[in-house]
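Data from entry39.txt: compact mmCIF, C-alpha atoms
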```
# COMPACT_ATOMS: atom_id res chain seq x y z
CA MET A 1 -13.78 25.44 -28.52
CA ALA A 2 -14.25 21.97 -27.06
CA ALA A 3 -11.72 20.80 -24.52
CA PRO A 4 -9.25 18.25 -25.88
CA SER A 5 -10.30 14.70 -25.08
CA SER A 6 -8.13 12.49 -22.92
CA PRO A 7 -6.15 9.84 -24.80
CA LYS A 8 -7.92 6.51 -24.91
CA LEU A 9 -6.43 3.97 -22.52
CA PRO A 10 -5.36 0.61 -23.97
CA THR A 11 -7.63 -2.33 -23.23
CA PRO A 12 -6.31 -4.54 -20.39
CA ARG A 13 -5.34 -8.11 -21.18
CA PHE A 14 -7.41 -9.36 -18.22
CA ARG A 15 -8.62 -8.21 -14.81
CA VAL A 16 -6.99 -9.30 -11.53
CA ALA A 17 -8.83 -8.95 -8.21
CA ILE A 18 -6.60 -8.90 -5.13
CA CYS A 19 -8.30 -9.36 -1.76
CA GLY A 20 -6.26 -7.99 1.11
CA ALA A 21 -4.25 -4.74 1.23
CA GLY A 22 -1.46 -5.81 3.56
CA PRO A 23 2.17 -6.25 2.44
CA ALA A 24 1.29 -9.24 0.21
CA GLY A 25 -1.61 -7.64 -1.65
CA VAL A 26 -0.08 -4.19 -2.05
CA THR A 27 3.22 -5.69 -3.26
CA LEU A 28 1.40 -7.86 -5.78
CA ALA A 29 -0.35 -4.82 -7.23
CA ALA A 30 2.98 -2.97 -7.31
CA ALA A 31 4.76 -5.83 -9.07
CA ILE A 32 2.09 -6.12 -11.77
CA THR A 33 2.11 -2.34 -12.24
CA HIS A 34 5.89 -2.21 -12.45
CA TYR A 35 6.41 -5.09 -14.89
CA ALA A 36 3.35 -4.90 -17.16
CA ASP A 37 3.83 -3.23 -20.54
CA PRO A 38 1.79 0.01 -20.46
CA ALA A 39 0.63 -0.73 -24.00
CA HIS A 40 -0.72 -4.12 -22.85
CA PRO A 41 -1.73 -3.49 -19.23
CA VAL A 42 -3.35 -5.67 -16.61
CA ALA A 43 -6.34 -4.20 -14.75
CA ILE A 44 -6.02 -4.44 -10.97
CA ASP A 45 -8.77 -4.17 -8.36
CA LEU A 46 -7.44 -4.18 -4.79
CA TYR A 47 -10.10 -4.90 -2.17
CA ASP A 48 -9.81 -4.59 1.60
CA SER A 49 -12.30 -4.70 4.46
CA ALA A 50 -10.67 -1.66 6.09
CA PRO A 51 -11.57 1.91 5.09
CA ALA A 52 -7.96 2.66 4.10
CA ILE A 53 -4.71 0.86 3.41
CA GLY A 54 -2.98 0.36 6.73
CA THR A 55 -1.63 -2.47 8.78
CA VAL A 56 -1.92 -4.27 12.08
CA GLY A 57 1.44 -4.61 13.80
CA ALA A 58 4.47 -2.37 13.94
CA GLY A 59 7.83 -3.76 12.95
CA VAL A 60 8.89 -5.69 9.89
CA ALA A 61 12.30 -7.22 9.16
CA LEU A 62 13.42 -7.62 5.56
CA TRP A 63 16.33 -9.95 4.85
CA GLN A 64 18.58 -9.51 1.84
CA ARG A 65 16.52 -11.88 -0.32
CA THR A 66 13.45 -9.67 0.13
CA ARG A 67 15.43 -6.46 -0.32
CA TRP A 68 16.64 -7.80 -3.66
CA ALA A 69 13.05 -8.18 -4.85
CA LEU A 70 12.13 -4.66 -3.73
CA ASN A 71 15.23 -3.28 -5.42
CA GLU A 72 14.29 -5.03 -8.68
CA MET A 73 11.00 -3.11 -8.57
CA GLY A 74 12.82 0.17 -7.90
CA LEU A 75 11.33 0.47 -4.42
CA LEU A 76 14.25 -0.12 -2.08
CA ASN A 77 15.59 3.41 -2.53
CA ARG A 78 12.30 4.74 -1.13
CA LEU A 79 13.24 3.10 2.15
CA ALA A 80 16.62 4.83 2.10
CA THR A 81 16.23 6.29 5.58
CA ALA A 82 16.33 2.76 6.99
CA LYS A 83 19.58 0.83 7.14
CA PRO A 84 20.22 -2.87 7.76
CA SER A 85 21.02 -3.59 11.37
CA SER A 86 23.96 -5.78 12.39
CA ASP A 87 24.65 -9.00 10.50
CA GLY A 88 22.14 -10.96 12.59
CA PHE A 89 20.72 -11.55 16.07
CA MET A 90 22.54 -11.73 19.38
CA PHE A 91 21.32 -14.70 21.47
CA GLN A 92 21.32 -14.32 25.23
CA LEU A 93 19.91 -16.37 28.08
CA GLY A 94 16.86 -14.63 29.50
CA GLU A 95 17.06 -16.30 32.88
CA GLY A 96 19.56 -18.11 35.05
CA PRO A 97 22.98 -17.26 36.52
CA ASN A 98 24.62 -16.79 33.10
CA GLY A 99 21.86 -14.63 31.70
CA GLU A 100 24.06 -11.65 30.84
CA HIS A 101 26.17 -13.81 28.54
CA VAL A 102 25.66 -13.71 24.75
CA PHE A 103 25.98 -17.40 23.94
CA HIS A 104 25.55 -17.14 20.17
CA THR A 105 25.73 -14.50 17.45
CA HIS A 106 23.68 -15.52 14.44
CA VAL A 107 25.36 -14.14 11.31
CA VAL A 108 23.52 -14.34 7.99
CA PRO A 109 25.93 -14.46 5.00
CA ASP A 110 24.11 -11.73 3.07
CA GLY A 111 23.78 -9.39 6.04
CA GLY A 112 21.26 -8.68 8.74
CA PRO A 113 17.65 -7.58 8.39
CA LEU A 114 16.43 -4.17 7.32
CA ALA A 115 14.07 -3.35 10.19
CA LEU A 116 11.42 -0.68 9.76
CA HIS A 117 7.83 0.24 10.54
CA ARG A 118 5.28 -1.58 8.37
CA ASN A 119 3.58 1.64 7.36
CA ALA A 120 6.85 2.92 5.86
CA LEU A 121 6.90 -0.17 3.67
CA LEU A 122 3.25 0.17 2.66
CA ASP A 123 3.66 3.85 1.79
CA ALA A 124 6.47 3.00 -0.66
CA LEU A 125 4.38 0.26 -2.26
CA LYS A 126 1.24 2.39 -2.52
CA SER A 127 3.12 5.09 -4.40
CA GLU A 128 4.01 2.58 -7.12
CA ASN A 129 0.40 1.45 -7.54
CA GLU A 130 -0.95 4.97 -7.85
CA LYS A 131 1.05 5.45 -11.06
CA SER A 132 -1.25 3.16 -13.00
CA PRO A 133 -4.60 4.29 -14.45
CA HIS A 134 -5.61 0.61 -14.44
CA TYR A 135 -5.32 0.26 -10.65
CA THR A 136 -8.34 0.80 -8.37
CA PHE A 137 -8.47 0.47 -4.59
CA HIS A 138 -11.83 -0.56 -3.10
CA PRO A 139 -12.02 0.21 0.66
CA SER A 140 -14.53 -1.28 3.09
CA ALA A 141 -15.00 -4.27 0.76
CA LYS A 142 -15.00 -7.51 2.75
CA LEU A 143 -15.01 -10.58 0.53
CA VAL A 144 -17.26 -13.40 1.74
CA SER A 145 -16.84 -15.95 -1.05
CA TYR A 146 -16.46 -16.37 -4.78
CA ALA A 147 -18.13 -18.49 -7.44
CA ALA A 148 -16.07 -20.26 -10.08
CA PRO A 149 -16.64 -19.36 -13.75
CA SER A 150 -19.93 -20.75 -15.01
CA SER A 151 -18.40 -21.60 -18.39
CA PRO A 152 -15.03 -21.37 -20.17
CA GLY A 153 -14.06 -17.74 -20.58
CA ALA A 154 -16.66 -16.50 -18.08
CA PRO A 155 -15.45 -14.38 -15.14
CA LEU A 156 -15.31 -15.23 -11.48
CA VAL A 157 -18.07 -13.70 -9.36
CA LEU A 158 -16.95 -12.15 -6.06
CA ALA A 159 -19.48 -11.75 -3.25
CA PHE A 160 -18.98 -9.12 -0.54
CA ALA A 161 -20.41 -8.72 2.94
CA ASP A 162 -22.57 -5.72 1.95
CA GLY A 163 -24.38 -7.81 -0.68
CA SER A 164 -22.53 -6.36 -3.68
CA THR A 165 -20.74 -8.44 -6.31
CA ALA A 166 -17.86 -7.91 -8.71
CA HIS A 167 -16.25 -9.80 -11.57
CA ALA A 168 -12.65 -10.74 -12.27
CA ASP A 169 -10.69 -13.04 -14.56
CA VAL A 170 -8.17 -13.85 -11.84
CA LEU A 171 -8.56 -13.75 -8.05
CA ILE A 172 -5.65 -13.63 -5.63
CA GLY A 173 -6.26 -14.07 -1.92
CA ALA A 174 -3.80 -11.99 0.08
CA ASP A 175 -6.36 -11.92 2.87
CA GLY A 176 -4.47 -13.37 5.80
CA ILE A 177 -4.68 -16.47 7.92
CA ARG A 178 -8.49 -16.41 8.09
CA SER A 179 -8.68 -16.14 4.31
CA PRO A 180 -12.17 -16.33 2.77
CA VAL A 181 -10.49 -16.97 -0.57
CA ARG A 182 -8.74 -20.06 0.82
CA ALA A 183 -11.98 -21.27 2.39
CA SER A 184 -13.84 -20.94 -0.91
CA MET A 185 -10.99 -22.47 -2.89
CA TYR A 186 -10.94 -25.60 -0.77
CA ALA A 187 -14.71 -25.84 -0.79
CA GLU A 188 -14.55 -25.79 -4.58
CA THR A 189 -11.77 -28.40 -4.81
CA SER A 190 -13.13 -30.86 -2.23
CA ARG A 191 -16.55 -31.73 -3.57
CA LEU A 192 -15.94 -35.46 -3.19
CA VAL A 193 -17.00 -36.58 0.29
CA ARG A 194 -13.80 -38.54 0.94
CA GLU A 195 -11.71 -35.43 0.28
CA GLN A 196 -13.67 -32.99 2.42
CA ARG A 197 -12.21 -33.85 5.81
CA VAL A 198 -8.59 -33.74 4.61
CA ALA A 199 -9.18 -30.49 2.74
CA ARG A 200 -10.92 -28.82 5.68
CA GLU A 201 -8.12 -29.80 8.05
CA ALA A 202 -5.41 -28.51 5.70
CA ALA A 203 -7.19 -25.21 5.18
CA THR A 204 -8.01 -24.65 8.86
CA PRO A 205 -5.59 -22.53 10.95
CA LYS A 206 -3.93 -24.36 13.84
CA TRP A 207 -2.94 -22.77 17.14
CA THR A 208 0.72 -23.29 17.99
CA GLY A 209 0.07 -22.93 21.71
CA THR A 210 2.01 -19.66 21.67
CA ILE A 211 0.91 -16.17 22.69
CA ALA A 212 2.99 -13.26 21.40
CA PHE A 213 2.97 -10.01 23.36
CA ARG A 214 3.75 -7.15 20.98
CA SER A 215 4.75 -3.63 21.89
CA LEU A 216 7.07 -0.75 21.03
CA VAL A 217 9.83 0.53 23.29
CA ASN A 218 10.84 4.18 23.16
CA ILE A 219 14.63 4.27 22.73
CA ALA A 220 15.04 7.59 24.55
CA LYS A 221 13.10 6.28 27.55
CA LEU A 222 15.13 3.05 27.57
CA ALA A 223 18.38 4.99 27.40
CA GLU A 224 17.32 7.05 30.42
CA LEU A 225 16.89 3.88 32.46
CA ARG A 226 19.95 2.08 31.11
CA LYS A 227 22.57 4.00 29.18
CA ASP A 228 23.99 2.05 26.22
CA HIS A 229 21.37 -0.69 26.44
CA PRO A 230 22.43 -3.15 23.68
CA ALA A 231 18.88 -3.48 22.30
CA CYS A 232 18.99 0.19 21.25
CA THR A 233 21.34 -0.67 18.39
CA ASP A 234 21.29 -4.44 17.74
CA PRO A 235 18.69 -7.20 17.32
CA TYR A 236 18.51 -9.43 20.41
CA LEU A 237 16.85 -12.73 21.20
CA TYR A 238 16.53 -13.70 24.86
CA CYS A 239 15.89 -17.42 25.39
CA GLY A 240 14.21 -19.25 28.27
CA LYS A 241 12.11 -22.29 29.08
CA ASP A 242 8.75 -22.09 27.23
CA LYS A 243 9.27 -18.41 26.43
CA HIS A 244 11.56 -16.02 24.60
CA ILE A 245 11.81 -12.34 23.68
CA VAL A 246 12.80 -10.76 20.36
CA THR A 247 13.77 -7.08 20.05
CA TYR A 248 15.13 -5.00 17.19
CA PRO A 249 15.18 -1.26 16.36
CA ILE A 250 12.74 -0.26 13.63
CA SER A 251 13.59 3.46 13.57
CA PRO A 252 15.94 5.87 15.34
CA THR A 253 13.29 6.23 18.07
CA LEU A 254 11.56 2.86 18.43
CA ILE A 255 12.37 -0.78 19.22
CA ASN A 256 10.02 -3.57 18.24
CA PHE A 257 9.38 -5.82 21.25
CA ILE A 258 7.81 -9.30 21.03
CA GLY A 259 7.59 -11.57 24.06
CA TYR A 260 6.54 -15.17 23.39
CA TYR A 261 5.02 -17.62 25.82
CA THR A 262 4.11 -21.18 24.81
CA VAL A 263 1.50 -22.94 26.94
CA PRO A 264 2.82 -26.45 27.65
CA GLY A 265 0.73 -29.07 25.85
CA ALA A 266 -1.46 -26.53 24.05
CA GLU A 267 -0.11 -26.89 20.51
CA GLY A 268 -2.83 -28.13 18.19
CA THR A 269 -5.66 -27.32 20.58
CA THR A 270 -8.41 -24.80 19.87
CA PHE A 271 -7.69 -21.30 21.10
CA GLU A 272 -10.64 -19.92 23.04
CA GLY A 273 -10.87 -16.16 22.77
CA LYS A 274 -9.88 -13.36 20.42
CA TRP A 275 -6.81 -14.04 18.35
CA VAL A 276 -5.63 -10.44 18.78
CA GLU A 277 -6.55 -8.30 21.78
CA ASP A 278 -5.15 -5.76 24.19
CA ALA A 279 -3.15 -7.12 27.11
CA ARG A 280 -2.26 -5.73 30.52
CA VAL A 281 1.34 -4.56 30.80
CA ASP A 282 1.53 -5.92 34.34
CA ASP A 283 0.61 -9.39 33.07
CA VAL A 284 3.50 -9.31 30.60
CA ARG A 285 5.91 -8.17 33.31
CA ALA A 286 4.72 -10.99 35.54
CA ARG A 287 5.22 -13.53 32.75
CA PHE A 288 8.91 -12.57 32.50
CA ALA A 289 9.51 -11.87 36.19
CA GLY A 290 12.99 -12.85 37.30
CA TRP A 291 14.55 -12.49 33.87
CA VAL A 292 17.85 -10.66 33.36
CA PRO A 293 18.16 -6.92 34.10
CA ASP A 294 18.34 -5.98 30.41
CA VAL A 295 14.88 -7.49 29.95
CA GLN A 296 13.45 -5.95 33.11
CA VAL A 297 14.47 -2.47 31.97
CA MET A 298 12.66 -2.97 28.66
CA LEU A 299 9.57 -4.27 30.45
CA ASP A 300 9.57 -1.09 32.51
CA CYS A 301 9.32 0.88 29.24
CA LEU A 302 6.20 -0.88 27.94
CA GLU A 303 3.13 1.34 27.73
CA THR A 304 0.63 -0.62 25.64
CA VAL A 305 0.70 -4.30 24.65
CA SER A 306 -1.35 -6.49 22.32
CA ALA A 307 -1.59 -10.27 22.71
CA TRP A 308 -1.60 -12.43 19.56
CA ALA A 309 -2.53 -16.10 19.52
CA ILE A 310 -0.08 -17.47 16.93
CA HIS A 311 -1.79 -19.70 14.37
CA ILE A 312 -0.30 -21.38 11.30
CA ILE A 313 -1.35 -22.95 8.02
CA GLU A 314 0.58 -26.14 7.28
CA ASP A 315 0.36 -29.09 4.90
CA LEU A 316 -1.73 -27.15 2.41
CA PRO A 317 -1.56 -29.28 -0.76
CA HIS A 318 -1.80 -26.42 -3.22
CA ALA A 319 -2.10 -22.64 -3.38
CA ALA A 320 -3.68 -22.32 -6.82
CA ASP A 321 -6.81 -23.71 -8.42
CA GLY A 322 -7.64 -22.59 -11.94
CA PRO A 323 -7.93 -18.78 -11.98
CA VAL A 324 -7.57 -18.45 -8.18
CA ALA A 325 -4.47 -18.42 -5.97
CA ILE A 326 -3.49 -17.48 -2.42
CA ILE A 327 -0.29 -15.84 -1.19
CA GLY A 328 1.29 -14.77 2.10
CA ASP A 329 -0.40 -15.82 5.32
CA ALA A 330 -3.42 -17.07 3.40
CA ALA A 331 -1.20 -19.80 1.92
CA HIS A 332 1.53 -20.47 4.46
CA ALA A 333 1.01 -18.58 7.72
CA ILE A 334 4.15 -19.25 9.70
CA GLU A 335 5.35 -18.76 13.25
CA THR A 336 7.33 -15.54 13.35
CA HIS A 337 10.68 -16.99 14.43
CA PHE A 338 12.44 -16.29 11.13
CA ALA A 339 11.30 -12.66 11.22
CA SER A 340 10.25 -13.30 7.64
CA GLY A 341 6.44 -13.34 7.50
CA ALA A 342 6.12 -10.05 5.63
CA GLY A 343 9.26 -10.78 3.63
CA SER A 344 7.93 -14.13 2.43
CA ALA A 345 4.63 -12.52 1.45
CA ILE A 346 6.52 -9.87 -0.54
CA GLU A 347 8.51 -12.56 -2.34
CA ASP A 348 5.31 -14.48 -3.17
CA ALA A 349 3.88 -11.29 -4.64
CA PHE A 350 7.06 -10.47 -6.55
CA ILE A 351 7.18 -13.85 -8.30
CA LEU A 352 3.44 -14.04 -8.97
CA GLY A 353 3.22 -10.41 -10.07
CA ARG A 354 6.00 -10.86 -12.61
CA LEU A 355 4.34 -14.02 -13.93
CA LEU A 356 1.02 -12.24 -14.42
CA ALA A 357 2.64 -9.17 -15.97
CA HIS A 358 4.87 -11.19 -18.31
CA PRO A 359 4.36 -10.52 -22.05
CA SER A 360 3.61 -14.22 -22.62
CA THR A 361 0.69 -14.04 -20.17
CA ALA A 362 -1.56 -12.53 -22.79
CA THR A 363 -4.98 -13.95 -21.87
CA SER A 364 -6.90 -15.12 -18.84
CA ALA A 365 -6.13 -18.70 -19.90
CA ASP A 366 -2.41 -17.84 -19.84
CA ALA A 367 -2.95 -16.33 -16.40
CA GLU A 368 -4.16 -19.70 -15.09
CA HIS A 369 -0.91 -21.23 -16.31
CA ALA A 370 1.00 -18.45 -14.52
CA LEU A 371 -0.77 -19.34 -11.27
CA SER A 372 0.16 -23.01 -11.69
CA VAL A 373 3.82 -22.02 -12.15
CA TYR A 374 3.67 -19.97 -8.93
CA ASP A 375 2.19 -22.97 -7.13
CA ARG A 376 4.83 -25.35 -8.46
CA PHE A 377 7.94 -23.26 -7.77
CA ARG A 378 7.28 -20.57 -5.18
CA PHE A 379 4.60 -22.07 -2.95
CA ARG A 380 6.12 -25.53 -2.68
CA PHE A 381 9.43 -23.97 -1.68
CA ILE A 382 8.15 -21.58 0.96
CA ARG A 383 5.70 -23.92 2.70
CA GLU A 384 8.66 -25.93 4.04
CA SER A 385 9.53 -22.95 6.24
CA VAL A 386 6.42 -23.60 8.37
CA THR A 387 7.96 -26.79 9.75
CA ARG A 388 11.36 -25.16 10.13
CA ALA A 389 9.86 -22.35 12.21
CA ARG A 390 8.42 -24.87 14.68
CA VAL A 391 11.90 -26.32 15.15
CA LEU A 392 13.24 -22.83 15.87
CA ARG A 393 10.57 -22.17 18.48
CA ASN A 394 11.54 -25.35 20.28
CA LEU A 395 15.20 -24.32 20.15
CA TYR A 396 14.58 -20.77 21.37
CA GLU A 397 12.43 -22.07 24.23
CA PHE A 398 14.68 -25.00 25.18
CA SER A 399 12.13 -27.68 24.44
CA GLY A 400 13.15 -31.29 23.80
CA ASP A 401 16.82 -32.27 23.77
CA HIS A 402 18.35 -28.84 23.25
CA GLY A 403 19.13 -26.23 25.89
CA PRO A 404 21.05 -25.72 29.14
CA HIS A 405 19.29 -28.75 30.66
CA ALA A 406 21.15 -30.97 28.13
CA GLY A 407 24.50 -30.44 29.86
CA PRO A 408 27.47 -28.06 29.89
CA ASP A 409 28.23 -28.50 26.16
CA TRP A 410 24.67 -27.84 24.98
CA VAL A 411 25.50 -24.79 22.85
CA VAL A 412 27.36 -26.68 20.08
CA PRO A 413 24.54 -29.06 19.03
CA TRP A 414 21.97 -26.30 19.62
CA ARG A 415 23.87 -24.02 17.23
CA GLU A 416 24.19 -26.73 14.55
CA VAL A 417 20.46 -27.43 14.48
CA MET A 418 19.61 -23.73 14.52
CA GLU A 419 21.95 -22.86 11.64
CA ASN A 420 20.56 -25.74 9.55
CA GLN A 421 17.02 -24.41 9.94
CA TRP A 422 18.10 -20.92 8.80
CA GLU A 423 19.86 -22.05 5.61
CA TRP A 424 16.84 -21.43 3.39
CA VAL A 425 17.09 -17.68 4.06
CA TRP A 426 20.21 -17.41 1.90
CA LYS A 427 19.64 -20.39 -0.42
CA ARG A 428 17.31 -20.60 -3.46
CA THR A 429 17.15 -16.84 -3.78
CA PRO A 430 14.23 -15.02 -5.43
CA ALA A 431 16.52 -14.36 -8.41
CA GLU A 432 17.05 -18.10 -8.93
CA MET A 433 13.38 -18.80 -8.33
CA TRP A 434 12.36 -16.22 -10.91
CA THR A 435 14.68 -17.77 -13.51
CA LEU A 436 13.09 -21.19 -12.97
CA SER A 437 9.59 -19.75 -12.93
CA GLU A 438 10.00 -17.75 -16.14
CA ARG A 439 11.43 -20.79 -17.92
CA ALA A 440 8.42 -22.88 -16.87
CA LEU A 441 6.05 -20.09 -17.88
CA LEU A 442 7.54 -19.86 -21.36
CA GLU A 443 7.56 -23.63 -21.83
CA GLY A 444 3.88 -23.80 -20.93
CA THR A 445 2.85 -21.03 -23.31
CA GLY A 446 4.96 -22.31 -26.17
CA VAL A 447 7.01 -19.10 -26.46
```

Structure re-expressed in structure tokens:
Amino acid sequence: MAAPSSPKLPTPRFRVAICGAGPAGVTLAAAITHYADPAHPVAIDLYDSAPAIGTVGAGVALWQRTRWALNEMGLLNRLATAKPSSDGFMFQLGEGPNGEHVFHTHVVPDGGPLALHRNALLDALKSENEKSPHYTFHPSAKLVSYAAPSSPGAPLVLAFADGSTAHADVLIGADGIRSPVRASMYAETSRLVREQRVAREAATPKWTGTIAFRSLVNIAKLAELRKDHPACTDPYLYCGKDKHIVTYPISPTLINFIGYYTVPGAEGTTFEGKWVEDARVDDVRARFAGWVPDVQVMLDCLETVSAWAIHIIEDLPHAADGPVAIIGDAAHAIETHFASGAGSAIEDAFILGRLLAHPSTATSADAEHALSVYDRFRFRFIRESVTRARVLRNLYEFSGDHGPHAGPDWVVPWREVMENQWEWVWKRTPAEMWTLSERALLEGTGV
């Protein structure tokens, strides 16, 4: 007797290629999988240059707005072992005679960040994607460029470093700050000579002048050196001239440590060297020599350190062009001072994924409209945070008119400016943004 045949899978509405398997790309695939009607699915091809889904970096902080999006997709409960830390960050002077004093406690109305290891987040997202028979992960696939459709209704052609090609109806670049998708998009949209210089400048990453030293601190080791060290339980930000340190627990055993140093006058210049490389622990200790004892104890716990040259993407005029869009760092790479880089990428993916999975997005032509809605509502909102993050860096590192050098009453105006920059974190929530986006989607499709 012949074995029973497998049930025939429904034909996908269209095929989406996602380049980049970091938090942005994996969340996008998860959002499409979660919201698409199984009877009218969307085919997903997730490409990444790495041999497996993983991540560079350690800690990630998810504010309430991002947790709401994950909860809507039924994923927050898979991170149940992690709990939000305190309501916000404690601000302390890193150097000077009053260094042990907490001069400001930053309280976010909706609660503090959920801090965890990035791989814990990716594992939860991957499990959602693996439910779908229309999802395929393609490892060791480095996109080089793409060619626009040759005629209406024709697919995009994706070109990879190994010489292979693939086709897709929609292409989403979740491929980071050095995004090949962004480079190709702006090459396609800047054919006129007078537009080329402006487009190239907008699409080119800019060095902020800042180097971030990233490491992990073992909580047990720290507690041996300093019992009841405050960084074991609460997020802290230590401020100083041209440098600052951020720490927050990401598990019961580990603290995420990031020390920032901004080279005076280097913002906007070209960074010479590798953007990410190993650093000597002794060099990091020397950079923060003379800082308060709480910092020195943490520096004594560092074992390995990586140095990151912080680059940004700003003033990008658009994040969608026809059947192609970019999300996350590819669209709006931001300085990390909001602790929201991964969170913002997840929110991009949540909004765009729901738009693509929506029942009214029935064809590849409808998908182009969905991308334009994402560009209009989500991208134009989040790109403003790039400028706000620069203001925060200047505040944290006492640049300009704000800081102890401004006089004995410096904290009050410093706090006012800082709180104003943070307002976006609890305003225009993803729930509100989705309502606006869905309305625009339906108006455009005539539903």

Contacts of segment 355-363 of chain A at 8 Å or less, counting all atoms listed in the file, minus same-chain residues fewer than 3 places along, as number ranges by chain?
-> A: 13-14, 31-33, 35-37, 41-42, 351-352, 366-367, 370-371, 374, 437-438, 441-442, 445, 447

Of the residues A:Ala154, A:His332, A:Asp110, A:Pro252, which is the one nearest to Thr66 of chain A, using all atoms listed in the file?
-> A:Asp110

Select, from A:Ile18, A:Ala202, A:Val297, A:Val417, the residue with the minimum atom-to-atom distance to Ala168 of chain A, counting all atoms listed in the file.
-> A:Ile18

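Candidate residues A:Gly25, A:Pro235, A:Gly265, A:Pro51 were compared for distance to Asp348 of chain A, and the nearest is A:Gly25, using all atoms listed in the file.
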
As AutoDock Vina command-line options, please report the centre and edge lengths, rounded to one decimal in Å, of the axis-aligned box that holds all listed atoms of segment 4-20 of chain A with 8 Å of padding on each of the six sides.
```
--center_x -7.8 --center_y 4.4 --center_z -12.4 --size_x 21.0 --size_y 43.6 --size_z 43.0
```

Atom CA of Asp234 of chain A and atom CA of Met298 of chain A are how many Å apart?
->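 These atoms are spaced 14.0 Å apart.
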
Give me, please, the distance in Å between atom CA of Asp45 of chain A and atom CA of Arg383 of chain A, quoted to one decimal.
->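 Separation of atom CA of Asp45 of chain A and atom CA of Arg383 of chain A: 26.9 Å.
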
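Once segment 266-282 of chain A and its same-chain neighbours fewer than 2 positions away are set aside, Lys206, Trp207, Thr208, Gly209, Val263, Pro264, Val284, Arg285, Val305, Ser306, Ala307, Trp308 and Ala309 of chain A remain within 6 Å of it when counting all atoms listed in the file.
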
To one decimal in Å, tell me the separation between atom CA of Ser140 of chain A and atom CA of Ser164 of chain A.
->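 Distance between the two atoms: 11.6 Å.
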
For Asp315 of chain A, which residue among A:Glu432, A:Glu416, A:Glu347, A:Glu384 is the nearest when counting all atoms listed in the file?
-> A:Glu384

Mind listing as a PyMOL selection string all residues within 12 Å of (-6.2, -16.3, 5.5), counting all atoms listed in the file?
-> chain A and resi 19-20+22+24+143+172-185+203-206+311-313+319+325-334

Selection export as a PDB file, in the frame of the given file, atoms kept: C-alpha atoms:
```
ATOM      1  CA  CYS A  19      -8.300  -9.360  -1.760  1.00  0.00           C
ATOM      2  CA  GLY A  20      -6.260  -7.990   1.110  1.00  0.00           C
ATOM      3  CA  GLY A  22      -1.460  -5.810   3.560  1.00  0.00           C
ATOM      4  CA  ALA A  24       1.290  -9.240   0.210  1.00  0.00           C
ATOM      5  CA  LEU A 143     -15.010 -10.580   0.530  1.00  0.00           C
ATOM      6  CA  ILE A 172      -5.650 -13.630  -5.630  1.00  0.00           C
ATOM      7  CA  GLY A 173      -6.260 -14.070  -1.920  1.00  0.00           C
ATOM      8  CA  ALA A 174      -3.800 -11.990   0.080  1.00  0.00           C
ATOM      9  CA  ASP A 175      -6.360 -11.920   2.870  1.00  0.00           C
ATOM     10  CA  GLY A 176      -4.470 -13.370   5.800  1.00  0.00           C
ATOM     11  CA  ILE A 177      -4.680 -16.470   7.920  1.00  0.00           C
ATOM     12  CA  ARG A 178      -8.490 -16.410   8.090  1.00  0.00           C
ATOM     13  CA  SER A 179      -8.680 -16.140   4.310  1.00  0.00           C
ATOM     14  CA  PRO A 180     -12.170 -16.330   2.770  1.00  0.00           C
ATOM     15  CA  VAL A 181     -10.490 -16.970  -0.570  1.00  0.00           C
ATOM     16  CA  ARG A 182      -8.740 -20.060   0.820  1.00  0.00           C
ATOM     17  CA  ALA A 183     -11.980 -21.270   2.390  1.00  0.00           C
ATOM     18  CA  SER A 184     -13.840 -20.940  -0.910  1.00  0.00           C
ATOM     19  CA  MET A 185     -10.990 -22.470  -2.890  1.00  0.00           C
ATOM     20  CA  ALA A 203      -7.190 -25.210   5.180  1.00  0.00           C
ATOM     21  CA  THR A 204      -8.010 -24.650   8.860  1.00  0.00           C
ATOM     22  CA  PRO A 205      -5.590 -22.530  10.950  1.00  0.00           C
ATOM     23  CA  LYS A 206      -3.930 -24.360  13.840  1.00  0.00           C
ATOM     24  CA  HIS A 311      -1.790 -19.700  14.370  1.00  0.00           C
ATOM     25  CA  ILE A 312      -0.300 -21.380  11.300  1.00  0.00           C
ATOM     26  CA  ILE A 313      -1.350 -22.950   8.020  1.00  0.00           C
ATOM     27  CA  ALA A 319      -2.100 -22.640  -3.380  1.00  0.00           C
ATOM     28  CA  ALA A 325      -4.470 -18.420  -5.970  1.00  0.00           C
ATOM     29  CA  ILE A 326      -3.490 -17.480  -2.420  1.00  0.00           C
ATOM     30  CA  ILE A 327      -0.290 -15.840  -1.190  1.00  0.00           C
ATOM     31  CA  GLY A 328       1.290 -14.770   2.100  1.00  0.00           C
ATOM     32  CA  ASP A 329      -0.400 -15.820   5.320  1.00  0.00           C
ATOM     33  CA  ALA A 330      -3.420 -17.070   3.400  1.00  0.00           C
ATOM     34  CA  ALA A 331      -1.200 -19.800   1.920  1.00  0.00           C
ATOM     35  CA  HIS A 332       1.530 -20.470   4.460  1.00  0.00           C
ATOM     36  CA  ALA A 333       1.010 -18.580   7.720  1.00  0.00           C
ATOM     37  CA  ILE A 334       4.150 -19.250   9.700  1.00  0.00           C
TER      38      ILE A 334
END
```

From A:Arg200, A:Arg15, A:Gly290, A:Asp401, residue lying nearest Pro413 of chain A [only C-alpha atoms] =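 Of all the options, A:Asp401 lies closest to Pro413 of chain A.
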